[in-house]
Amino acid sequence: MRGLIQISQLDMLRHTSMVEEFGDPSLPGDFESLMQWRSYHHIMPSVHPPVMIQVGDDDRVTLPFHGYKTLAALQTDQLGRAQILPQVAWSAGHSQGFDLEQRIETHARQHLFLRRALRLTPDR
């Protein structure tokens with residue numbers, strides 16, 4: 001979905017702890033594929049759409065700094081007026097650790113973000 005970003009590792013060529021799942025950068029075919037993953041390195045000054053980046057502060061798979069760094073790059077390179085917003089899930093890990101209250105709050109924030117991004121007015 002455009003505007004909601006699932007943060008991958010910033011640089012899969014250097015972050016080699018998941019070679020079995022994503023490929024080995026020392027192999028030519030895998031290297032080319034992993035080059036396409038370098039989301040942070042593909043950010044350029046542009047008019048970006050509204051973006052919300054969700055980060056779990058206790059995520060041990062995709063460390064939070066990947067999201068923070070991508071967020072900062074998008075904010076720096078934003079030539080338009082659309083917002084680039086963080087959403088931090090405190091004490092949450094990689095798709096886990098969310099208690100019911102966090103899930104409700106996360107979904108509510110995502111819903112509000114989408115309504116504002118799509119310029120939808122509240123139902124009356």
# chains A, B, ... in the order shown; residues from 1 in each chain; ligands from 1
call {"tool": "select_by_dssp", "arguments": {"residues": "chain A", "states": "strand (DSSP E or B)", "output": "list in words"}}
result
Leu4, Ile5, Ser46, Val51, Met52, Ile53, Gln54, Val55, Gly56, Gln78, Ile84, Leu85, Pro86, Gln87, Val88 and Ala89 of chain A
call {"tool": "write_last_selection", "arguments": {"atoms": "N, CA and C atoms", "output": "mmCIF file, in the first residue's frame"}}
result
data_model
loop_
_atom_site.group_PDB
_atom_site.id
_atom_site.type_symbol
_atom_site.label_atom_id
_atom_site.label_comp_id
_atom_site.auth_asym_id
_atom_site.auth_seq_id
_atom_site.Cartn_x
_atom_site.Cartn_y
_atom_site.Cartn_z
ATOM 1 N N LEU A 4 2.424 3.472 3.338
ATOM 2 C CA LEU A 4 2.779 2.722 4.540
ATOM 3 C C LEU A 4 3.993 1.882 4.188
ATOM 4 N N ILE A 5 5.091 2.117 4.853
ATOM 5 C CA ILE A 5 6.336 1.462 4.475
ATOM 6 C C ILE A 5 6.682 0.355 5.455
ATOM 7 N N SER A 46 12.614 14.432 -3.898
ATOM 8 C CA SER A 46 11.421 14.230 -4.705
ATOM 9 C C SER A 46 10.213 14.737 -3.930
ATOM 10 N N VAL A 51 3.867 9.504 4.147
ATOM 11 C CA VAL A 51 4.474 8.237 4.559
ATOM 12 C C VAL A 51 4.427 8.139 6.075
ATOM 13 N N MET A 52 4.073 6.969 6.576
ATOM 14 C CA MET A 52 4.166 6.670 7.998
ATOM 15 C C MET A 52 5.105 5.471 8.133
ATOM 16 N N ILE A 53 6.115 5.607 8.955
ATOM 17 C CA ILE A 53 7.062 4.523 9.185
ATOM 18 C C ILE A 53 6.871 4.013 10.604
ATOM 19 N N GLN A 54 6.545 2.730 10.715
ATOM 20 C CA GLN A 54 6.340 2.120 12.030
ATOM 21 C C GLN A 54 7.596 1.372 12.446
ATOM 22 N N VAL A 55 8.013 1.609 13.681
ATOM 23 C CA VAL A 55 9.215 0.991 14.227
ATOM 24 C C VAL A 55 8.887 0.403 15.591
ATOM 25 N N GLY A 56 9.321 -0.824 15.838
ATOM 26 C CA GLY A 56 9.243 -1.407 17.178
ATOM 27 C C GLY A 56 10.563 -1.118 17.880
ATOM 28 N N GLN A 78 12.252 15.478 1.146
ATOM 29 C CA GLN A 78 10.869 15.792 0.787
ATOM 30 C C GLN A 78 10.809 17.181 0.167
ATOM 31 N N ILE A 84 5.902 13.124 6.501
ATOM 32 C CA ILE A 84 6.632 11.872 6.679
ATOM 33 C C ILE A 84 6.665 11.671 8.193
ATOM 34 N N LEU A 85 5.883 10.708 8.684
ATOM 35 C CA LEU A 85 5.660 10.573 10.122
ATOM 36 C C LEU A 85 6.207 9.273 10.692
ATOM 37 N N PRO A 86 6.769 9.336 11.903
ATOM 38 C CA PRO A 86 7.166 8.105 12.596
ATOM 39 C C PRO A 86 6.025 7.566 13.448
ATOM 40 N N GLN A 87 6.025 6.281 13.633
ATOM 41 C CA GLN A 87 5.146 5.665 14.630
ATOM 42 C C GLN A 87 6.003 4.656 15.369
ATOM 43 N N VAL A 88 6.281 4.928 16.631
ATOM 44 C CA VAL A 88 7.113 4.045 17.439
ATOM 45 C C VAL A 88 6.221 3.223 18.354
ATOM 46 N N ALA A 89 6.394 1.911 18.288
ATOM 47 C CA ALA A 89 5.686 1.008 19.190
ATOM 48 C C ALA A 89 6.664 0.672 20.318
#
call {"tool": "residues_around", "arguments": {"residues": "A:Ala82", "least_positions_apart": "6", "cutoff": "7 Å", "atoms": "only C-alpha atoms", "output": "ChimeraX atom specification"}}
result
/A:48-50
call {"tool": "select_by_dssp", "arguments": {"residues": "stretch 78-121 of chain A", "states": "alpha helix (DSSP H)", "output": "NGL selection string"}}
result
:A and (100-117)
call {"tool": "atom_distance", "arguments": {"atom1": "atom CA of A:Leu100", "atom2": "atom CA of A:Ala117"}}
result
25.5 Å
call {"tool": "atom_distance", "arguments": {"atom1": "atom CA of A:Ala72", "atom2": "atom CA of A:Leu120"}}
result
27.0 Å
